[in-house]
Amino acid sequence: MHFSIGDGYAVYRGPATDSGLHRHAAFQIVTALRDEVALADAAGAEHRATTLLVPPMVPHRLLPSPELVTFYIEPHAIFADHLREHYRDGIVAAPELADLHTVGEGRSRELDPRLVEAMTLLRQRNLTMPELAAAVGLSPQRLRALARQQVGMPLPRWRVWAELRRAAEALRSGQSPAEAAISAGFADQAHLTRRMREMVGLTPAAVLPLLRNSHSSATPAHQATDPQLPHDPHR
């Protein structure tokens, strides 16, 4: 198993177990290394392909797979600009992304830079909405509107995703679920469990072995400064 985290993305390679219905705050690109990857949508319909893409906030459930590669691309990352341009309608087959190896590091060039900065700040620490808005030079109302208009989600949903990311990093570093919950900004371990099940479809107990047993690193060895885009059939 391999798990790595970079600026605006995470990558997992390994087996997948059946998950509950959930909604990420990131784009998810899943490629099966054997046969096909299978996802079920909120209506229970199955989607199967070598590679599937799920936009942020789309409910889905990952079906068991012996080995797959999953990229989580956060909406303020530079590669998300490419995904927003070409993938807008629910769960879709994306064979052109099957050979994706690296997504580069860097911030979106299309989103309002003040929104990108706000999302980055929430990744780093918890701030109240007035504090966050003041830090990027906007009113709370304008900042909320930007999030809905440009990334299609309310900032509180992004805040939870950012807290889950911090919790995952804390678990990987050796903290217990209770310790990781507090250090990430959750009220307690039960709060972390509810949010993780809601947004990832798994519990901390299920995620912990993946994090602890994976060969992980802060960034992949093949890091690039710009995204290495696959062949784009739309051009």
# chains A, B, ... in the order shown; residues from 1 in each chain; ligands from 1
call {"tool": "residues_around", "arguments": {"residues": "Arg148 of chain A", "least_positions_apart": "6", "cutoff": "12 Å", "atoms": "only C-alpha atoms", "output": "PyMOL selection string"}}
result
chain A and resi 57+75+111+115+141-142+154-158
call {"tool": "write_last_selection", "arguments": {"atoms": "N, CA, C and O atoms", "output": "PDB file, in the first residue's frame"}}
result
ATOM      1  N   MET A  57     -18.745  16.781  -3.697  1.00  0.00           N
ATOM      2  CA  MET A  57     -20.090  16.826  -3.136  1.00  0.00           C
ATOM      3  C   MET A  57     -21.087  15.922  -3.851  1.00  0.00           C
ATOM      4  O   MET A  57     -22.283  16.037  -3.623  1.00  0.00           O
ATOM      5  N   PRO A  75     -10.300  21.316  -4.488  1.00  0.00           N
ATOM      6  CA  PRO A  75     -10.797  22.283  -5.488  1.00  0.00           C
ATOM      7  C   PRO A  75      -9.952  23.535  -5.648  1.00  0.00           C
ATOM      8  O   PRO A  75     -10.090  24.227  -6.659  1.00  0.00           O
ATOM      9  N   LEU A 111      -9.712  30.243  -9.829  1.00  0.00           N
ATOM     10  CA  LEU A 111     -10.529  30.694  -8.708  1.00  0.00           C
ATOM     11  C   LEU A 111     -10.055  32.057  -8.220  1.00  0.00           C
ATOM     12  O   LEU A 111      -8.894  32.436  -8.405  1.00  0.00           O
ATOM     13  N   LEU A 115     -10.399  33.528  -2.329  1.00  0.00           N
ATOM     14  CA  LEU A 115     -11.030  32.276  -1.936  1.00  0.00           C
ATOM     15  C   LEU A 115      -9.974  31.185  -1.765  1.00  0.00           C
ATOM     16  O   LEU A 115     -10.035  30.405  -0.809  1.00  0.00           O
ATOM     17  N   GLN A 141     -20.095  37.564   4.118  1.00  0.00           N
ATOM     18  CA  GLN A 141     -21.118  37.271   3.120  1.00  0.00           C
ATOM     19  C   GLN A 141     -20.509  37.064   1.738  1.00  0.00           C
ATOM     20  O   GLN A 141     -20.902  36.149   0.999  1.00  0.00           O
ATOM     21  N   ARG A 142     -19.567  37.919   1.360  1.00  0.00           N
ATOM     22  CA  ARG A 142     -18.931  37.813   0.044  1.00  0.00           C
ATOM     23  C   ARG A 142     -18.092  36.538  -0.051  1.00  0.00           C
ATOM     24  O   ARG A 142     -18.083  35.866  -1.086  1.00  0.00           O
ATOM     25  N   PRO A 154     -20.540  25.072   0.377  1.00  0.00           N
ATOM     26  CA  PRO A 154     -20.387  26.071   1.439  1.00  0.00           C
ATOM     27  C   PRO A 154     -19.060  25.874   2.154  1.00  0.00           C
ATOM     28  O   PRO A 154     -18.554  24.748   2.266  1.00  0.00           O
ATOM     29  N   LEU A 155     -18.494  26.951   2.637  1.00  0.00           N
ATOM     30  CA  LEU A 155     -17.203  26.854   3.320  1.00  0.00           C
ATOM     31  C   LEU A 155     -17.222  25.928   4.538  1.00  0.00           C
ATOM     32  O   LEU A 155     -16.209  25.291   4.820  1.00  0.00           O
ATOM     33  N   PRO A 156     -18.334  25.823   5.292  1.00  0.00           N
ATOM     34  CA  PRO A 156     -18.329  24.859   6.397  1.00  0.00           C
ATOM     35  C   PRO A 156     -18.042  23.432   5.949  1.00  0.00           C
ATOM     36  O   PRO A 156     -17.433  22.657   6.696  1.00  0.00           O
ATOM     37  N   ARG A 157     -18.468  23.051   4.749  1.00  0.00           N
ATOM     38  CA  ARG A 157     -18.149  21.713   4.245  1.00  0.00           C
ATOM     39  C   ARG A 157     -16.655  21.583   3.986  1.00  0.00           C
ATOM     40  O   ARG A 157     -16.051  20.547   4.266  1.00  0.00           O
ATOM     41  N   TRP A 158     -16.064  22.629   3.448  1.00  0.00           N
ATOM     42  CA  TRP A 158     -14.617  22.606   3.231  1.00  0.00           C
ATOM     43  C   TRP A 158     -13.880  22.571   4.560  1.00  0.00           C
ATOM     44  O   TRP A 158     -12.853  21.895   4.688  1.00  0.00           O
TER      45      TRP A 158
END
call {"tool": "residues_around", "arguments": {"residues": "Glu169 of chain A", "least_positions_apart": "2", "cutoff": "10 Å", "atoms": "only C-alpha atoms", "output": "list of chain:residue names"}}
result
A:Ile5, A:Glu163, A:Leu164, A:Arg165, A:Arg166, A:Ala167, A:Leu171, A:Arg172, A:Ser173, A:Gly174, A:Gln175, A:Ala180, A:Ala184, A:Leu211, A:Ala218
call {"tool": "select_by_dssp", "arguments": {"residues": "segment 19-108 of chain A", "states": "strand (DSSP E or B)", "output": "count of residues only"}}
result
36
call {"tool": "residues_around", "arguments": {"residues": "segment 194-210 of chain A", "least_positions_apart": "6", "cutoff": "12 Å", "atoms": "only C-alpha atoms", "output": "PyMOL selection string"}}
result
chain A and resi 1-4+12-26+28+56-63+72+157-181+185-188+216
